[in-house]
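**Q** See entry-v2.cif below, with mmCIF, C-alpha atoms.
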```cif
data_coords
loop_
_atom_site.label_atom_id
_atom_site.label_comp_id
_atom_site.auth_asym_id
_atom_site.auth_seq_id
_atom_site.Cartn_x
_atom_site.Cartn_y
_atom_site.Cartn_z
CA MET A 1 0.00 0.00 0.00
CA THR A 2 1.34 3.41 -0.98
CA HIS A 3 1.29 5.92 1.86
CA HIS A 4 0.43 9.42 0.70
CA GLU A 5 -0.02 12.54 2.82
CA ASN A 6 -1.94 15.48 1.40
CA HIS A 7 0.06 18.45 2.68
CA ARG A 8 -1.31 21.94 2.18
CA SER A 9 1.63 24.22 2.95
CA HIS A 10 2.06 24.99 -0.76
CA ARG A 11 -1.24 26.90 -0.56
CA ILE A 12 -0.05 29.32 2.10
CA GLY A 13 0.81 32.20 -0.24
CA TRP A 14 -2.41 32.58 -2.17
CA LEU A 15 -4.62 31.26 0.66
CA ARG A 16 -3.41 33.89 3.11
CA ALA A 17 -3.92 36.70 0.61
CA SER A 18 -7.33 35.40 -0.48
CA VAL A 19 -8.69 34.92 3.04
CA LEU A 20 -7.34 38.31 4.11
CA GLY A 21 -8.93 40.00 1.10
CA ALA A 22 -12.34 38.36 1.44
CA ASN A 23 -12.43 38.88 5.20
CA ASP A 24 -11.52 42.55 4.88
CA GLY A 25 -14.05 42.98 2.09
CA ILE A 26 -16.90 41.62 4.20
CA VAL A 27 -15.91 43.27 7.48
CA SER A 28 -14.94 46.70 6.20
CA THR A 29 -17.85 47.09 3.79
CA SER A 30 -20.50 45.77 6.17
CA SER A 31 -19.10 47.95 8.95
CA LEU A 32 -19.09 50.97 6.66
CA ILE A 33 -22.69 50.31 5.58
CA ILE A 34 -23.85 49.82 9.16
CA GLY A 35 -21.99 52.89 10.40
CA VAL A 36 -23.46 55.11 7.68
CA ALA A 37 -26.93 53.61 8.16
CA ALA A 38 -26.73 54.23 11.91
CA ALA A 39 -26.20 57.92 11.12
CA ASN A 40 -29.79 58.10 9.77
CA THR A 41 -28.89 58.38 6.08
CA THR A 42 -30.81 57.35 2.95
CA THR A 43 -30.38 54.12 1.01
CA SER A 44 -28.66 55.90 -1.90
CA GLU A 45 -26.11 57.47 0.46
CA ILE A 46 -25.50 54.11 2.11
CA MET A 47 -24.94 52.43 -1.27
CA LEU A 48 -22.65 55.24 -2.43
CA ALA A 49 -20.53 54.88 0.70
CA GLY A 50 -20.43 51.09 0.28
CA LEU A 51 -19.36 51.29 -3.38
CA ALA A 52 -16.70 53.86 -2.57
CA GLY A 53 -15.45 51.58 0.18
CA LEU A 54 -15.34 48.63 -2.22
CA VAL A 55 -13.25 50.45 -4.82
CA ALA A 56 -10.92 52.07 -2.30
CA GLY A 57 -10.56 48.87 -0.32
CA ALA A 58 -9.76 46.70 -3.34
CA MET A 59 -7.10 49.11 -4.54
CA SER A 60 -5.70 49.47 -1.03
CA MET A 61 -5.51 45.69 -0.61
CA ALA A 62 -3.77 45.24 -3.96
CA ALA A 63 -1.27 48.01 -3.32
CA GLY A 64 -0.64 46.96 0.28
CA GLU A 65 -0.10 43.30 -0.57
CA TYR A 66 2.14 44.14 -3.52
CA VAL A 67 4.32 46.52 -1.48
CA SER A 68 4.62 44.26 1.56
CA VAL A 69 5.23 41.04 -0.36
CA SER A 70 7.67 42.86 -2.67
CA SER A 71 9.65 43.85 0.42
CA GLN A 72 9.78 40.20 1.41
CA SER A 73 10.85 39.29 -2.12
CA ASP A 74 13.61 41.92 -2.07
CA THR A 75 14.95 40.50 1.19
CA GLU A 76 14.89 36.97 -0.19
CA ASN A 77 16.70 38.04 -3.36
CA ALA A 78 19.34 39.87 -1.32
CA ASP A 79 19.93 36.77 0.80
CA LEU A 80 20.17 34.59 -2.31
CA ALA A 81 22.65 37.00 -3.91
CA LEU A 82 24.79 36.90 -0.77
CA GLU A 83 24.65 33.11 -0.72
CA ARG A 84 25.52 32.92 -4.41
CA GLN A 85 28.59 35.07 -3.78
CA SER A 86 29.67 32.92 -0.84
CA LEU A 87 29.36 29.78 -2.94
CA ALA A 88 31.51 31.30 -5.65
CA GLU A 89 34.22 32.44 -3.22
CA ASP A 90 34.49 29.49 -0.79
CA ILE A 91 32.41 26.46 -1.66
CA GLU A 92 34.16 24.19 0.86
CA SER A 93 33.16 26.40 3.78
CA GLU A 94 29.61 26.38 2.46
CA LYS A 95 29.64 22.58 2.46
CA GLN A 96 30.81 22.58 6.05
CA GLU A 97 28.15 25.10 6.96
CA LEU A 98 25.41 22.99 5.41
CA ALA A 99 26.78 19.84 7.04
CA LYS A 100 26.64 21.52 10.46
CA ILE A 101 22.95 22.27 9.89
CA TYR A 102 22.27 18.57 9.27
CA GLU A 103 24.34 17.58 12.29
CA LYS A 104 22.14 19.77 14.50
CA ARG A 105 19.14 17.88 13.16
CA GLY A 106 20.59 14.58 14.32
CA VAL A 107 22.66 13.36 11.37
CA THR A 108 26.15 11.97 12.10
CA PRO A 109 29.03 14.27 11.03
CA LYS A 110 30.30 11.97 8.27
CA LEU A 111 26.86 11.40 6.78
CA ALA A 112 25.95 15.09 7.17
CA TYR A 113 28.95 16.08 5.07
CA GLN A 114 28.10 13.48 2.43
CA VAL A 115 24.53 14.73 2.25
CA ALA A 116 25.68 18.34 1.97
CA GLU A 117 28.18 17.41 -0.74
CA GLN A 118 25.65 15.49 -2.83
CA LEU A 119 22.92 18.09 -2.47
CA MET A 120 25.30 20.86 -3.48
CA GLU A 121 26.43 18.89 -6.54
CA HIS A 122 22.80 18.76 -7.62
CA ASP A 123 21.79 22.36 -6.69
CA ALA A 124 24.13 24.23 -4.36
CA LEU A 125 22.14 27.46 -4.17
CA GLY A 126 18.83 25.61 -3.79
CA ALA A 127 20.18 23.51 -0.92
CA HIS A 128 21.40 26.56 0.99
CA ALA A 129 18.26 28.55 0.20
CA ARG A 130 16.09 25.77 1.61
CA ASP A 131 18.11 24.54 4.60
CA GLU A 132 20.10 27.61 5.62
CA ILE A 133 17.84 30.54 4.75
CA GLY A 134 14.44 28.79 4.77
CA ILE A 135 13.34 29.77 1.26
CA THR A 136 11.41 27.17 -0.75
CA GLU A 137 9.40 27.36 -3.96
CA ASP A 138 6.15 26.95 -2.00
CA SER A 139 6.91 29.76 0.44
CA LYS A 140 8.71 32.14 -1.91
CA ALA A 141 7.18 35.62 -2.07
CA GLN A 142 4.98 36.31 -5.11
CA PRO A 143 3.90 39.98 -5.04
CA ILE A 144 1.69 39.97 -8.14
CA GLN A 145 -0.15 36.82 -7.11
CA ALA A 146 -0.75 38.24 -3.63
CA ALA A 147 -1.97 41.59 -4.98
CA LEU A 148 -4.39 40.08 -7.50
CA SER A 149 -5.73 37.52 -5.03
CA SER A 150 -6.34 40.14 -2.36
CA ALA A 151 -8.01 42.63 -4.69
CA ALA A 152 -10.25 40.00 -6.30
CA THR A 153 -11.36 38.37 -3.07
CA PHE A 154 -11.86 41.77 -1.38
CA THR A 155 -14.21 42.74 -4.21
CA VAL A 156 -16.18 39.50 -3.89
CA GLY A 157 -16.37 39.85 -0.12
CA ALA A 158 -17.45 43.49 -0.31
CA MET A 159 -20.17 42.73 -2.86
CA LEU A 160 -21.98 40.41 -0.46
CA PRO A 161 -23.07 42.99 2.17
CA LEU A 162 -23.64 45.52 -0.61
CA LEU A 163 -26.18 43.24 -2.29
CA VAL A 164 -27.94 42.68 1.03
CA ALA A 165 -28.07 46.44 1.63
CA TRP A 166 -29.46 47.01 -1.87
CA PHE A 167 -32.44 44.69 -1.36
CA ALA A 168 -33.05 45.21 2.37
CA PRO A 169 -35.72 47.64 3.61
CA LEU A 170 -34.12 50.71 5.17
CA THR A 171 -35.74 50.01 8.55
CA GLN A 172 -34.19 46.54 8.70
CA LEU A 173 -30.98 47.25 6.82
CA ILE A 174 -28.61 47.29 9.78
CA THR A 175 -29.94 44.04 11.21
CA LEU A 176 -30.00 42.18 7.89
CA VAL A 177 -26.54 43.36 6.80
CA ALA A 178 -25.05 42.43 10.18
CA LEU A 179 -26.63 38.96 10.27
CA ALA A 180 -25.83 38.21 6.63
CA SER A 181 -22.24 39.38 7.06
CA LEU A 182 -21.75 37.10 10.05
CA VAL A 183 -23.05 34.19 7.98
CA PHE A 184 -20.69 35.13 5.14
CA LEU A 185 -17.77 35.33 7.57
CA ALA A 186 -18.60 31.93 9.07
CA LEU A 187 -18.76 30.47 5.56
CA LEU A 188 -15.42 32.09 4.69
CA GLY A 189 -13.85 30.68 7.83
CA SER A 190 -15.15 27.20 6.96
CA ILE A 191 -13.86 27.35 3.38
CA ALA A 192 -10.45 28.61 4.53
CA ALA A 193 -10.25 25.91 7.20
CA VAL A 194 -11.12 23.11 4.77
CA THR A 195 -8.67 24.44 2.17
CA GLY A 196 -5.88 24.76 4.70
CA GLY A 197 -6.70 21.63 6.70
CA ALA A 198 -7.41 23.55 9.93
CA PRO A 199 -10.19 23.03 12.53
CA ILE A 200 -13.42 24.50 11.13
CA GLY A 201 -14.98 25.59 14.44
CA ARG A 202 -11.97 27.63 15.51
CA ALA A 203 -11.68 29.37 12.14
CA CYS A 204 -15.40 30.25 12.09
CA ALA A 205 -15.35 31.57 15.64
CA ARG A 206 -12.29 33.70 14.99
CA VAL A 207 -13.59 35.49 11.90
CA THR A 208 -17.15 35.95 13.14
CA PHE A 209 -16.09 37.32 16.53
CA TRP A 210 -13.80 40.00 15.14
CA GLY A 211 -16.24 40.81 12.36
CA ALA A 212 -19.03 41.31 14.89
CA MET A 213 -16.79 43.55 17.00
CA ALA A 214 -15.92 45.71 13.97
CA MET A 215 -19.57 46.12 12.96
CA LEU A 216 -20.68 46.88 16.51
CA LEU A 217 -18.02 49.53 17.04
CA THR A 218 -18.75 51.18 13.71
CA ALA A 219 -22.48 51.23 14.44
CA VAL A 220 -21.84 52.91 17.78
CA VAL A 221 -19.64 55.54 16.15
CA GLY A 222 -22.22 56.15 13.43
CA HIS A 223 -24.98 56.52 16.01
CA TRP A 224 -22.97 58.90 18.21
CA PHE A 225 -21.80 61.20 15.43
CA GLY A 226 -24.63 60.78 12.96
CA VAL A 227 -27.05 63.47 11.98
CA THR A 228 -30.64 63.22 10.84
CA VAL A 229 -30.99 63.73 7.09
#
```
Would you kindly transcribe this structure into structure tokens?
**A**
Amino acid sequence: MTHHENHRSHRIGWLRASVLGANDGIVSTSSLIIGVAAANTTTSEIMLAGLAGLVAGAMSMAAGEYVSVSSQSDTENADLALERQSLAEDIESEKQELAKIYEKRGVTPKLAYQVAEQLMEHDALGAHARDEIGITEDSKAQPIQAALSSAATFTVGAMLPLLVAWFAPLTQLITLVALASLVFLALLGSIAAVTGGAPIGRACARVTFWGAMAMLLTAVVGHWFGVTV
């Protein structure tokens, strides 16, 4: 029988950006809608604020993810350049360095050196990137992927409370948007948990709790500082 384990760590990059984008889209847009609605405004003003929040939020997510992940990518590239230079100048010391890493993991000194030597014959830079620096293909920073994933999922997440607000009666808008958004957040937490192989209950509780807190606080602010139109 062949033993196969379905690992999910290769999904970390796009999953993190996607969950962050969708979560922010739901929470920020629903909170904005509820806060504006609590200030005794009309449906058209509420929708205008929600749409403005969607556009601004999607662009902010894309720009923020691209800048932050690009910084990570720059650091990784700088480390790889330094490692490439070290390999060119003193490859024997680099073998010893890699062997010491394997020794600390429990490999005998002789075998550790043999492993380091063979791995470096195959891909010296790749071996040091993985075992010395901690950079792998699965975890390597991808700024464009992160930016597009965040912007797209933010837009989808933001559209959900906006659609509820569009069809909800003004007198029940706050309640319906809040309840629907909590359901959307619980669903998002479940999908993210299943995709990442994490406990579903914990993921749902985490996103719904903080989403509820954001909506409640925004509603209070809107009520305190709102004016009657």
**Q** Please enumerate the residues selected by the PyMOL selection byres ((chain A and resi 205) around 12) when evaluated against the supplied file, formatted as JSON, numbers by chain.
**A** {"A": [182, 183, 185, 186, 187, 188, 189, 190, 193, 199, 200, 201, 202, 203, 204, 206, 207, 208, 209, 210, 211, 212]}
**Q** Can you build me a table of segment 14-72 of chain A residues sitting at most 9 Å from segment 141-150 of chain A, with the closest atom pair per residue and its distance in Å to one decimal, using all atoms listed in the file, sorted by chain and residue number, as a tab-separated table?
**A**
```
residue	atom	partner	partner_atom	distance
A:Trp14	CA	A:Ala146	CA	6.1
A:Leu15	CA	A:Ser149	CA	8.5
A:Arg16	CA	A:Ala146	CA	8.5
A:Ala17	CA	A:Ser150	CA	5.1
A:Ser18	CA	A:Ser150	CA	5.2
A:Val19	CA	A:Ser150	CA	7.9
A:Leu20	CA	A:Ser150	CA	6.8
A:Gly21	CA	A:Ser150	CA	4.3
A:Ala22	CA	A:Ser150	CA	7.3
A:Ala58	CA	A:Ser150	CA	7.5
A:Met61	CA	A:Ser150	CA	5.9
A:Ala62	CA	A:Ala147	CA	4.2
A:Ala63	CA	A:Ala147	CA	6.7
A:Gly64	CA	A:Ala147	CA	7.6
A:Glu65	CA	A:Ala147	CA	5.1
A:Tyr66	CA	A:Pro143	CA	4.8
A:Val67	CA	A:Pro143	CA	7.5
A:Ser68	CA	A:Pro143	CA	7.9
A:Val69	CA	A:Pro143	CA	5.0
A:Ser70	CA	A:Pro143	CA	5.3
A:Ser71	CA	A:Pro143	CA	8.8
A:Gln72	CA	A:Ala141	CA	6.3
```
**Q** Which residue out of A:Asp79, A:Glu89, A:Glu121, A:Asp74 has the minimum interatomic distance to Gly134 of chain A when all atoms listed in the file are used?
**A** A:Asp79
**Q** Can you give me, as a ChimeraX atom specification, the residues this file yields under the PyMOL selection byres ((chain A and resi 159-166) around 12)?
**A** /A:22-34,36-37,42-55,57-58,152-158,167-185,188,215
**Q** Would you work out the distance separating atom CA of Asn40 of chain A from atom CA of Met213 of chain A, expressed in Å to one decimal?
**A**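 Taking atom CA of Asn40 of chain A and atom CA of Met213 of chain A, their separation equals 20.8 Å.
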**Q** Restore N, CA, C and O atoms in segment 157-181 of chain A and list the result as a PDB file, in the coordinates of the input.
**A**
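Contents of part18.pdb, as written:
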```pdb
ATOM      1  N   GLY A 157     -15.889  39.721  -1.495  1.00  0.00           N
ATOM      2  CA  GLY A 157     -16.370  39.850  -0.120  1.00  0.00           C
ATOM      3  C   GLY A 157     -17.181  41.107   0.102  1.00  0.00           C
ATOM      4  O   GLY A 157     -18.214  41.091   0.772  1.00  0.00           O
ATOM      5  N   ALA A 158     -16.746  42.219  -0.487  1.00  0.00           N
ATOM      6  CA  ALA A 158     -17.450  43.490  -0.310  1.00  0.00           C
ATOM      7  C   ALA A 158     -18.800  43.502  -1.012  1.00  0.00           C
ATOM      8  O   ALA A 158     -19.747  44.171  -0.571  1.00  0.00           O
ATOM      9  N   MET A 159     -18.911  42.765  -2.125  1.00  0.00           N
ATOM     10  CA  MET A 159     -20.170  42.730  -2.860  1.00  0.00           C
ATOM     11  C   MET A 159     -21.293  42.066  -2.069  1.00  0.00           C
ATOM     12  O   MET A 159     -22.476  42.407  -2.253  1.00  0.00           O
ATOM     13  N   LEU A 160     -20.952  41.147  -1.195  1.00  0.00           N
ATOM     14  CA  LEU A 160     -21.980  40.410  -0.460  1.00  0.00           C
ATOM     15  C   LEU A 160     -22.824  41.313   0.439  1.00  0.00           C
ATOM     16  O   LEU A 160     -24.055  41.339   0.308  1.00  0.00           O
ATOM     17  N   PRO A 161     -22.234  42.080   1.365  1.00  0.00           N
ATOM     18  CA  PRO A 161     -23.070  42.990   2.170  1.00  0.00           C
ATOM     19  C   PRO A 161     -23.700  44.106   1.348  1.00  0.00           C
ATOM     20  O   PRO A 161     -24.782  44.602   1.693  1.00  0.00           O
ATOM     21  N   LEU A 162     -23.057  44.491   0.249  1.00  0.00           N
ATOM     22  CA  LEU A 162     -23.640  45.520  -0.610  1.00  0.00           C
ATOM     23  C   LEU A 162     -24.939  45.035  -1.251  1.00  0.00           C
ATOM     24  O   LEU A 162     -25.921  45.784  -1.331  1.00  0.00           O
ATOM     25  N   LEU A 163     -24.971  43.789  -1.698  1.00  0.00           N
ATOM     26  CA  LEU A 163     -26.180  43.240  -2.290  1.00  0.00           C
ATOM     27  C   LEU A 163     -27.301  43.128  -1.258  1.00  0.00           C
ATOM     28  O   LEU A 163     -28.471  43.392  -1.568  1.00  0.00           O
ATOM     29  N   VAL A 164     -26.941  42.749  -0.035  1.00  0.00           N
ATOM     30  CA  VAL A 164     -27.940  42.680   1.030  1.00  0.00           C
ATOM     31  C   VAL A 164     -28.506  44.069   1.305  1.00  0.00           C
ATOM     32  O   VAL A 164     -29.725  44.252   1.446  1.00  0.00           O
ATOM     33  N   ALA A 165     -27.633  45.062   1.367  1.00  0.00           N
ATOM     34  CA  ALA A 165     -28.070  46.440   1.630  1.00  0.00           C
ATOM     35  C   ALA A 165     -28.962  46.964   0.502  1.00  0.00           C
ATOM     36  O   ALA A 165     -29.897  47.739   0.742  1.00  0.00           O
ATOM     37  N   TRP A 166     -28.683  46.539  -0.711  1.00  0.00           N
ATOM     38  CA  TRP A 166     -29.460  47.010  -1.870  1.00  0.00           C
ATOM     39  C   TRP A 166     -30.911  46.527  -1.797  1.00  0.00           C
ATOM     40  O   TRP A 166     -31.842  47.262  -2.107  1.00  0.00           O
ATOM     41  N   PHE A 167     -31.099  45.284  -1.376  1.00  0.00           N
ATOM     42  CA  PHE A 167     -32.440  44.690  -1.360  1.00  0.00           C
ATOM     43  C   PHE A 167     -33.152  44.827  -0.014  1.00  0.00           C
ATOM     44  O   PHE A 167     -34.367  44.616   0.056  1.00  0.00           O
ATOM     45  N   ALA A 168     -32.434  45.153   1.044  1.00  0.00           N
ATOM     46  CA  ALA A 168     -33.050  45.210   2.370  1.00  0.00           C
ATOM     47  C   ALA A 168     -33.846  46.495   2.573  1.00  0.00           C
ATOM     48  O   ALA A 168     -33.435  47.563   2.111  1.00  0.00           O
ATOM     49  N   PRO A 169     -34.976  46.411   3.255  1.00  0.00           N
ATOM     50  CA  PRO A 169     -35.720  47.640   3.610  1.00  0.00           C
ATOM     51  C   PRO A 169     -34.861  48.500   4.531  1.00  0.00           C
ATOM     52  O   PRO A 169     -34.095  47.976   5.357  1.00  0.00           O
ATOM     53  N   LEU A 170     -34.980  49.809   4.404  1.00  0.00           N
ATOM     54  CA  LEU A 170     -34.120  50.710   5.170  1.00  0.00           C
ATOM     55  C   LEU A 170     -34.270  50.488   6.676  1.00  0.00           C
ATOM     56  O   LEU A 170     -33.298  50.569   7.419  1.00  0.00           O
ATOM     57  N   THR A 171     -35.501  50.187   7.117  1.00  0.00           N
ATOM     58  CA  THR A 171     -35.740  50.010   8.550  1.00  0.00           C
ATOM     59  C   THR A 171     -35.079  48.753   9.113  1.00  0.00           C
ATOM     60  O   THR A 171     -34.839  48.650  10.310  1.00  0.00           O
ATOM     61  N   GLN A 172     -34.794  47.792   8.250  1.00  0.00           N
ATOM     62  CA  GLN A 172     -34.190  46.540   8.700  1.00  0.00           C
ATOM     63  C   GLN A 172     -32.771  46.346   8.150  1.00  0.00           C
ATOM     64  O   GLN A 172     -32.172  45.296   8.322  1.00  0.00           O
ATOM     65  N   LEU A 173     -32.249  47.381   7.520  1.00  0.00           N
ATOM     66  CA  LEU A 173     -30.980  47.250   6.820  1.00  0.00           C
ATOM     67  C   LEU A 173     -29.838  46.872   7.749  1.00  0.00           C
ATOM     68  O   LEU A 173     -29.050  45.977   7.450  1.00  0.00           O
ATOM     69  N   ILE A 174     -29.728  47.555   8.863  1.00  0.00           N
ATOM     70  CA  ILE A 174     -28.610  47.290   9.780  1.00  0.00           C
ATOM     71  C   ILE A 174     -28.638  45.846  10.266  1.00  0.00           C
ATOM     72  O   ILE A 174     -27.619  45.138  10.242  1.00  0.00           O
ATOM     73  N   THR A 175     -29.812  45.398  10.689  1.00  0.00           N
ATOM     74  CA  THR A 175     -29.940  44.040  11.210  1.00  0.00           C
ATOM     75  C   THR A 175     -29.629  42.988  10.154  1.00  0.00           C
ATOM     76  O   THR A 175     -28.873  42.040  10.392  1.00  0.00           O
ATOM     77  N   LEU A 176     -30.193  43.166   8.956  1.00  0.00           N
ATOM     78  CA  LEU A 176     -30.000  42.180   7.890  1.00  0.00           C
ATOM     79  C   LEU A 176     -28.562  42.149   7.397  1.00  0.00           C
ATOM     80  O   LEU A 176     -28.005  41.069   7.146  1.00  0.00           O
ATOM     81  N   VAL A 177     -27.945  43.321   7.247  1.00  0.00           N
ATOM     82  CA  VAL A 177     -26.540  43.360   6.800  1.00  0.00           C
ATOM     83  C   VAL A 177     -25.630  42.707   7.841  1.00  0.00           C
ATOM     84  O   VAL A 177     -24.719  41.948   7.496  1.00  0.00           O
ATOM     85  N   ALA A 178     -25.889  43.005   9.118  1.00  0.00           N
ATOM     86  CA  ALA A 178     -25.050  42.430  10.180  1.00  0.00           C
ATOM     87  C   ALA A 178     -25.178  40.912  10.222  1.00  0.00           C
ATOM     88  O   ALA A 178     -24.167  40.197  10.263  1.00  0.00           O
ATOM     89  N   LEU A 179     -26.421  40.407  10.195  1.00  0.00           N
ATOM     90  CA  LEU A 179     -26.630  38.960  10.270  1.00  0.00           C
ATOM     91  C   LEU A 179     -26.066  38.253   9.034  1.00  0.00           C
ATOM     92  O   LEU A 179     -25.397  37.220   9.145  1.00  0.00           O
ATOM     93  N   ALA A 180     -26.331  38.826   7.859  1.00  0.00           N
ATOM     94  CA  ALA A 180     -25.830  38.210   6.630  1.00  0.00           C
ATOM     95  C   ALA A 180     -24.301  38.206   6.600  1.00  0.00           C
ATOM     96  O   ALA A 180     -23.678  37.224   6.176  1.00  0.00           O
ATOM     97  N   SER A 181     -23.698  39.282   7.060  1.00  0.00           N
ATOM     98  CA  SER A 181     -22.240  39.380   7.060  1.00  0.00           C
ATOM     99  C   SER A 181     -21.616  38.350   7.994  1.00  0.00           C
ATOM    100  O   SER A 181     -20.569  37.765   7.686  1.00  0.00           O
TER     101      SER A 181
END
```
